[in-house]
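Here's entry.csv, which has CSV, C-alpha atoms:
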```csv
chain,number,residue,atom,x,y,z
A,10,ASN,CA,1.7,-89.1,-45.4
A,11,TYR,CA,-0.2,-90.4,-48.4
A,12,PRO,CA,-1.5,-94.0,-48.5
A,13,ASP,CA,1.0,-96.5,-49.9
A,14,ASP,CA,-1.2,-97.3,-52.9
A,15,VAL,CA,-1.5,-93.7,-54.2
A,16,PRO,CA,-0.3,-93.7,-57.8
A,17,ILE,CA,3.0,-91.8,-58.4
A,18,LYS,CA,3.9,-90.7,-61.9
A,19,ASP,CA,6.6,-88.5,-63.4
A,20,THR,CA,4.8,-87.7,-66.7
A,21,ILE,CA,1.5,-86.5,-68.1
A,22,THR,CA,-1.1,-89.0,-69.2
A,23,THR,CA,-4.7,-89.3,-70.4
A,24,ILE,CA,-7.3,-89.9,-67.7
A,25,ARG,CA,-7.7,-93.5,-68.8
A,26,GLN,CA,-3.9,-94.1,-68.8
A,27,PHE,CA,-3.7,-92.6,-65.3
A,28,LEU,CA,-6.6,-94.7,-63.9
A,29,GLN,CA,-5.3,-97.9,-65.4
A,30,GLY,CA,-1.7,-97.2,-64.4
A,31,VAL,CA,-0.5,-97.4,-68.1
A,32,TYR,CA,2.6,-95.2,-67.8
A,33,PRO,CA,6.3,-95.6,-67.0
A,34,ASP,CA,7.5,-96.3,-63.5
A,35,PRO,CA,8.4,-93.1,-61.6
A,36,LEU,CA,11.9,-92.2,-60.9
A,37,PRO,CA,13.2,-93.9,-57.8
A,38,HIS,CA,14.1,-92.0,-54.6
A,39,ASP,CA,17.8,-92.9,-54.6
A,40,PRO,CA,20.1,-90.2,-53.1
A,41,ASP,CA,23.1,-92.4,-53.4
A,42,GLN,CA,22.7,-92.7,-57.1
A,43,VAL,CA,22.3,-88.9,-57.4
A,44,ARG,CA,25.6,-88.5,-55.4
A,45,GLU,CA,27.3,-90.8,-57.8
A,46,ILE,CA,26.0,-88.8,-60.8
A,47,LEU,CA,27.1,-85.5,-59.3
A,48,GLU,CA,30.5,-86.9,-58.6
A,49,LYS,CA,30.8,-88.3,-62.1
A,50,HIS,CA,30.1,-84.9,-63.6
A,51,GLY,CA,32.7,-83.1,-61.5
A,52,TRP,CA,30.6,-81.7,-58.6
A,53,HIS,CA,32.6,-82.3,-55.4
A,54,ASP,CA,32.5,-80.8,-51.9
A,55,THR,CA,36.2,-80.0,-51.8
A,56,ASP,CA,36.1,-77.7,-48.8
A,57,ASP,CA,33.6,-79.7,-46.7
A,58,ASN,CA,31.1,-76.9,-46.3
A,59,GLY,CA,28.2,-79.1,-47.4
A,60,ILE,CA,27.9,-77.6,-50.9
A,61,ARG,CA,29.3,-79.1,-54.0
A,62,GLU,CA,31.2,-77.0,-56.5
A,63,ARG,CA,32.7,-77.3,-59.9
A,64,GLY,CA,35.1,-75.0,-61.6
A,65,GLY,CA,35.0,-72.7,-58.5
A,66,LYS,CA,31.3,-72.3,-58.7
A,67,GLU,CA,29.0,-73.7,-55.9
A,68,PHE,CA,25.9,-75.7,-56.9
A,69,ARG,CA,23.3,-73.3,-55.6
A,70,PHE,CA,20.1,-71.8,-57.1
A,71,LYS,CA,17.1,-69.8,-56.1
A,72,ALA,CA,13.5,-71.1,-56.2
A,73,LEU,CA,10.5,-68.8,-56.4
A,74,ILE,CA,7.3,-69.6,-54.7
A,75,TYR,CA,3.9,-67.9,-54.5
A,76,SER,CA,3.7,-66.7,-50.9
A,77,ALA,CA,-0.1,-67.2,-50.7
A,78,LEU,CA,-0.2,-70.7,-52.3
A,79,PRO,CA,-1.3,-73.3,-49.8
A,80,GLY,CA,1.5,-75.8,-49.1
A,81,ALA,CA,4.1,-74.0,-51.2
A,82,LYS,CA,6.3,-73.1,-48.3
A,83,GLU,CA,6.1,-76.6,-46.8
A,84,SER,CA,6.8,-78.3,-50.1
A,85,SER,CA,9.7,-76.0,-51.0
A,86,ILE,CA,11.3,-76.5,-47.5
A,87,HIS,CA,11.0,-80.3,-47.9
A,88,VAL,CA,12.8,-80.1,-51.3
A,89,LEU,CA,15.4,-77.8,-49.8
A,90,ASN,CA,16.1,-80.3,-47.1
A,91,GLN,CA,16.3,-83.2,-49.6
A,92,LEU,CA,18.8,-81.3,-51.8
A,93,SER,CA,21.0,-80.3,-48.9
A,94,ARG,CA,21.6,-83.9,-48.2
A,95,ILE,CA,23.3,-84.4,-51.6
A,96,GLY,CA,25.3,-81.2,-51.4
A,97,VAL,CA,23.0,-78.8,-53.4
A,98,ARG,CA,21.9,-75.5,-51.9
A,99,MET,CA,18.5,-74.2,-52.8
A,100,GLU,CA,17.4,-70.7,-51.6
A,101,ILE,CA,13.7,-69.9,-51.4
A,102,GLN,CA,12.2,-66.5,-52.3
A,103,ALA,CA,8.4,-66.0,-51.6
A,104,LEU,CA,6.7,-63.5,-53.9
A,105,GLU,CA,3.2,-62.1,-54.3
A,106,VAL,CA,1.4,-63.2,-57.4
A,107,THR,CA,1.8,-60.1,-59.6
A,108,LEU,CA,5.6,-60.1,-59.2
A,109,LEU,CA,5.8,-63.9,-59.6
A,110,LYS,CA,3.9,-63.6,-62.9
A,111,GLN,CA,6.4,-61.0,-64.1
A,112,HIS,CA,9.3,-63.4,-63.5
A,113,ILE,CA,7.5,-66.2,-65.3
A,114,LYS,CA,6.6,-64.0,-68.3
A,115,THR,CA,10.2,-62.8,-68.7
A,116,GLY,CA,11.8,-66.1,-67.9
A,117,ASP,CA,13.7,-64.5,-65.1
A,118,PHE,CA,13.9,-67.5,-62.7
A,119,GLU,CA,16.1,-70.5,-62.1
A,120,ALA,CA,13.4,-72.7,-60.5
A,121,LEU,CA,9.7,-72.2,-59.7
A,122,PHE,CA,7.1,-73.9,-57.5
A,123,PHE,CA,3.6,-73.6,-59.0
A,124,LEU,CA,0.2,-75.4,-58.9
A,125,ILE,CA,-1.3,-77.1,-62.0
A,126,HIS,CA,-5.0,-76.7,-62.3
A,127,GLY,CA,-7.2,-79.1,-64.4
A,128,SER,CA,-4.5,-81.2,-66.0
A,129,LEU,CA,-5.9,-84.4,-64.6
A,130,THR,CA,-9.6,-83.8,-65.5
A,131,GLN,CA,-8.9,-82.5,-69.0
A,132,PRO,CA,-5.3,-83.5,-69.8
A,133,ASN,CA,-5.2,-82.9,-73.5
A,134,PHE,CA,-6.4,-79.3,-73.0
A,135,GLY,CA,-4.5,-78.5,-69.7
A,136,ASP,CA,-1.3,-80.1,-71.0
A,137,ALA,CA,-1.4,-78.1,-74.3
A,138,ARG,CA,-1.7,-74.9,-72.2
A,139,LEU,CA,1.3,-75.8,-70.1
A,140,PHE,CA,3.7,-77.6,-72.5
A,141,GLY,CA,2.4,-76.4,-76.0
A,142,LYS,CA,3.4,-73.4,-78.0
A,143,GLU,CA,2.2,-71.0,-75.4
A,144,SER,CA,3.9,-72.6,-72.4
A,145,PRO,CA,3.9,-70.1,-69.6
A,146,PHE,CA,7.4,-71.0,-68.4
A,147,GLY,CA,9.1,-71.1,-71.8
A,148,TYR,CA,9.3,-74.8,-72.5
A,149,LYS,CA,9.5,-75.3,-76.3
A,150,ASN,CA,9.7,-78.7,-78.1
A,151,PRO,CA,8.4,-78.7,-81.7
A,152,GLU,CA,7.4,-82.4,-81.6
A,153,MET,CA,5.7,-82.0,-78.2
A,154,ILE,CA,3.7,-79.0,-79.6
A,155,ARG,CA,2.7,-81.0,-82.7
A,156,LEU,CA,1.5,-84.0,-80.7
A,157,LEU,CA,-0.4,-81.8,-78.1
A,158,ASP,CA,-2.1,-80.0,-81.0
A,159,MET,CA,-3.2,-83.4,-82.4
A,160,ALA,CA,-4.4,-84.5,-78.9
A,161,ILE,CA,-6.7,-81.5,-78.5
A,162,LEU,CA,-8.6,-82.5,-81.7
A,163,GLU,CA,-8.6,-86.3,-81.2
A,164,MET,CA,-11.9,-87.7,-79.9
A,165,ASP,CA,-11.1,-91.4,-80.2
A,166,PRO,CA,-9.8,-92.6,-76.8
A,167,ASP,CA,-7.5,-95.3,-78.3
A,168,LYS,CA,-5.9,-92.9,-80.8
A,169,LEU,CA,-5.5,-90.3,-78.0
A,170,GLU,CA,-3.6,-92.8,-75.9
A,171,SER,CA,-1.4,-93.7,-78.8
A,172,ILE,CA,-0.5,-90.0,-79.1
A,173,TYR,CA,0.1,-89.7,-75.4
A,174,GLU,CA,2.5,-92.7,-75.5
A,175,LYS,CA,4.7,-90.5,-77.7
A,176,ILE,CA,4.1,-87.5,-75.5
A,177,MET,CA,5.1,-89.4,-72.4
A,178,SER,CA,8.4,-90.5,-74.0
A,179,ILE,CA,9.3,-86.8,-74.9
A,180,PHE,CA,8.2,-85.6,-71.4
A,181,ILE,CA,10.4,-88.1,-69.6
A,182,GLU,CA,13.4,-87.3,-71.8
A,183,ASP,CA,13.0,-83.5,-71.4
A,184,MET,CA,11.5,-83.4,-67.9
A,185,PRO,CA,10.3,-79.8,-68.2
A,186,ILE,CA,8.8,-80.0,-64.7
A,187,THR,CA,9.0,-82.3,-61.7
A,188,LEU,CA,5.7,-83.4,-60.4
A,189,LEU,CA,6.1,-83.0,-56.6
A,190,LEU,CA,2.7,-84.0,-55.2
A,191,PRO,CA,0.1,-86.6,-56.5
A,192,GLN,CA,-3.4,-85.3,-57.2
A,193,VAL,CA,-5.6,-86.8,-54.5
A,194,TYR,CA,-9.3,-86.3,-54.2
A,195,THR,CA,-10.8,-87.1,-50.8
A,196,SER,CA,-14.5,-87.7,-50.4
A,197,ILE,CA,-16.2,-88.4,-47.1
A,198,VAL,CA,-19.6,-90.0,-47.6
A,199,HIS,CA,-22.1,-92.0,-45.7
A,200,ARG,CA,-21.9,-95.8,-46.1
A,201,ARG,CA,-25.4,-95.7,-47.6
A,202,ILE,CA,-24.0,-94.0,-50.8
A,203,LYS,CA,-23.1,-96.7,-53.3
A,204,GLY,CA,-21.2,-96.6,-56.6
A,205,LEU,CA,-18.0,-94.9,-55.6
A,206,SER,CA,-16.0,-98.2,-55.6
A,207,ASN,CA,-15.7,-97.9,-59.4
A,208,GLN,CA,-12.2,-96.6,-60.1
A,209,TYR,CA,-13.5,-94.1,-62.7
A,210,ARG,CA,-15.6,-92.4,-60.0
A,211,ILE,CA,-13.5,-90.3,-57.7
A,212,ASP,CA,-15.7,-87.4,-56.8
A,213,THR,CA,-19.3,-87.4,-55.5
A,214,ALA,CA,-20.1,-84.0,-57.1
A,215,TRP,CA,-18.9,-85.1,-60.6
A,216,ASP,CA,-20.4,-88.6,-60.5
A,217,ILE,CA,-23.6,-88.1,-58.6
A,218,GLU,CA,-25.7,-89.3,-61.5
A,219,HIS,CA,-24.1,-92.7,-61.2
A,220,LEU,CA,-24.5,-93.1,-57.5
A,221,TRP,CA,-27.4,-94.4,-55.4
A,222,ILE,CA,-28.5,-94.6,-51.8
A,223,GLU,CA,-29.0,-98.0,-50.2
A,224,GLU,CA,-31.7,-98.1,-47.6
A,225,GLU,CA,-30.6,-99.4,-44.3
A,226,ARG,CA,-32.5,-102.3,-42.8
```
Go ahead and render the structure in this file as structure tokens.
Amino acid sequence: NYPDDVPIKDTITTIRQFLQGVYPDPLPHDPDQVREILEKHGWHDTDDNGIRERGGKEFRFKALIYSALPGAKESSIHVLNQLSRIGVRMEIQALEVTLLKQHIKTGDFEALFFLIHGSLTQPNFGDARLFGKESPFGYKNPEMIRLLDMAILEMDPDKLESIYEKIMSIFIEDMPITLLLPQVYTSIVHRRIKGLSNQYRIDTAWDIEHLWIEEER
């Protein structure tokens, strides 16, 4: 139910790269291609029960969600439905936050739905927290860690984007997470408030110093 022009991306970027659309095209929604890939790698539904199997093992897994996270249940059910159409069974287990954190800390999970905070507004800091050496879900890539450590210290926007071009390439290759929902900020303001048409101004509270009120005639 998002507008057609909402940017969709499958990687992490700087703010400027995001606003200018300077990142690779997102993965297409192509269930038929996925079915072909699964068939090619030996996953077949031989008994017509709607679940693919290989070597006598069904393609099923359990996804953990935070029971109190807004939208988590709806998002996970949507993904479950999409996967069922290609013969993959996903089971959902809702947990309270303390137990969920224990699973994350020990790496005791197959899949996990979680909310990213602050990665769009401060990507080089938020991304380092999620995908650097202290990744909360166990992702480890030495080159990614090195580049993110460089990004934290880089103040030149052009050099930062150059670093993130390499980061994007690694991210797309490894795909440590799948970004399910675009980050959308909705502001409802009176028509007298001017200045929000600038693409870099997306929130009235953040950008109030750049806005002005036009008197009505």
**Message:** Could you check the closest approach to A:Thr22 for each of A:Ser178, A:Gln42, A:Asn10, A:Ser85 and tell me which residue wins, using all atoms listed in the file?
**Reply:**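 Closest to A:Thr22 of all the choices is A:Ser178.
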**Fill in**
From atom CA of A:Asp183 to atom CA of A:Phe134 the spacing works out at 19.9 Å
**Message:** Counting all atoms listed in the file, which residues have an atom no more than 9 Å from (1.7, -85.9, -72.0) in the file's coordinates? Please list them as a ChimeraX atom specification.
**Reply:** /A:20-23,132-133,136-137,140,153,156-157,172-180
**Request:** Please return, as a VMD selection string, all polymer residues that have at least one atom within 12 Å of the point (28.3, -72.7, -55.0); use all atoms listed in the file and the file's own coordinate frame.
**Result:** chain A and resid 52 to 56 58 to 71 96 to 100
I need the chosen residues saved as an mmCIF file, in the coordinates of the input, with C-alpha atoms.
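Written output follows (again-v1.cif):
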```
data_model
loop_
_atom_site.group_PDB
_atom_site.id
_atom_site.type_symbol
_atom_site.label_atom_id
_atom_site.label_comp_id
_atom_site.auth_asym_id
_atom_site.auth_seq_id
_atom_site.Cartn_x
_atom_site.Cartn_y
_atom_site.Cartn_z
ATOM 1 C CA TRP A 52 30.600 -81.700 -58.600
ATOM 2 C CA HIS A 53 32.600 -82.300 -55.400
ATOM 3 C CA ASP A 54 32.500 -80.800 -51.900
ATOM 4 C CA THR A 55 36.200 -80.000 -51.800
ATOM 5 C CA ASP A 56 36.100 -77.700 -48.800
ATOM 6 C CA ASN A 58 31.100 -76.900 -46.300
ATOM 7 C CA GLY A 59 28.200 -79.100 -47.400
ATOM 8 C CA ILE A 60 27.900 -77.600 -50.900
ATOM 9 C CA ARG A 61 29.300 -79.100 -54.000
ATOM 10 C CA GLU A 62 31.200 -77.000 -56.500
ATOM 11 C CA ARG A 63 32.700 -77.300 -59.900
ATOM 12 C CA GLY A 64 35.100 -75.000 -61.600
ATOM 13 C CA GLY A 65 35.000 -72.700 -58.500
ATOM 14 C CA LYS A 66 31.300 -72.300 -58.700
ATOM 15 C CA GLU A 67 29.000 -73.700 -55.900
ATOM 16 C CA PHE A 68 25.900 -75.700 -56.900
ATOM 17 C CA ARG A 69 23.300 -73.300 -55.600
ATOM 18 C CA PHE A 70 20.100 -71.800 -57.100
ATOM 19 C CA LYS A 71 17.100 -69.800 -56.100
ATOM 20 C CA GLY A 96 25.300 -81.200 -51.400
ATOM 21 C CA VAL A 97 23.000 -78.800 -53.400
ATOM 22 C CA ARG A 98 21.900 -75.500 -51.900
ATOM 23 C CA MET A 99 18.500 -74.200 -52.800
ATOM 24 C CA GLU A 100 17.400 -70.700 -51.600
#
```
Please provide as an mmCIF file with C-alpha atoms, in the coordinates of the input all residues within 10 Å of A:Lys110, with the sequence filter that same-chain residues fewer than 4 positions apart are discarded (counting only C-alpha atoms).
```cif
data_model
loop_
_atom_site.group_PDB
_atom_site.id
_atom_site.type_symbol
_atom_site.label_atom_id
_atom_site.label_comp_id
_atom_site.auth_asym_id
_atom_site.auth_seq_id
_atom_site.Cartn_x
_atom_site.Cartn_y
_atom_site.Cartn_z
ATOM 1 C CA TYR A 75 3.900 -67.900 -54.500
ATOM 2 C CA LEU A 104 6.700 -63.500 -53.900
ATOM 3 C CA GLU A 105 3.200 -62.100 -54.300
ATOM 4 C CA VAL A 106 1.400 -63.200 -57.400
ATOM 5 C CA LYS A 114 6.600 -64.000 -68.300
ATOM 6 C CA THR A 115 10.200 -62.800 -68.700
ATOM 7 C CA GLY A 116 11.800 -66.100 -67.900
ATOM 8 C CA PRO A 145 3.900 -70.100 -69.600
ATOM 9 C CA PHE A 146 7.400 -71.000 -68.400
#
```
**Request:** For atom CA of A:Ile74 and atom CA of A:Leu139, determine how far apart the two atoms are, in Å to one decimal place.
**Result:**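 Separating atom CA of A:Ile74 from atom CA of A:Leu139 is a distance of 17.7 Å.
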**Message:** Between atom CA of A:His50 and atom CA of A:Leu92, what distance in Å does the model show, to one decimal?
**Reply:** 16.7 Å
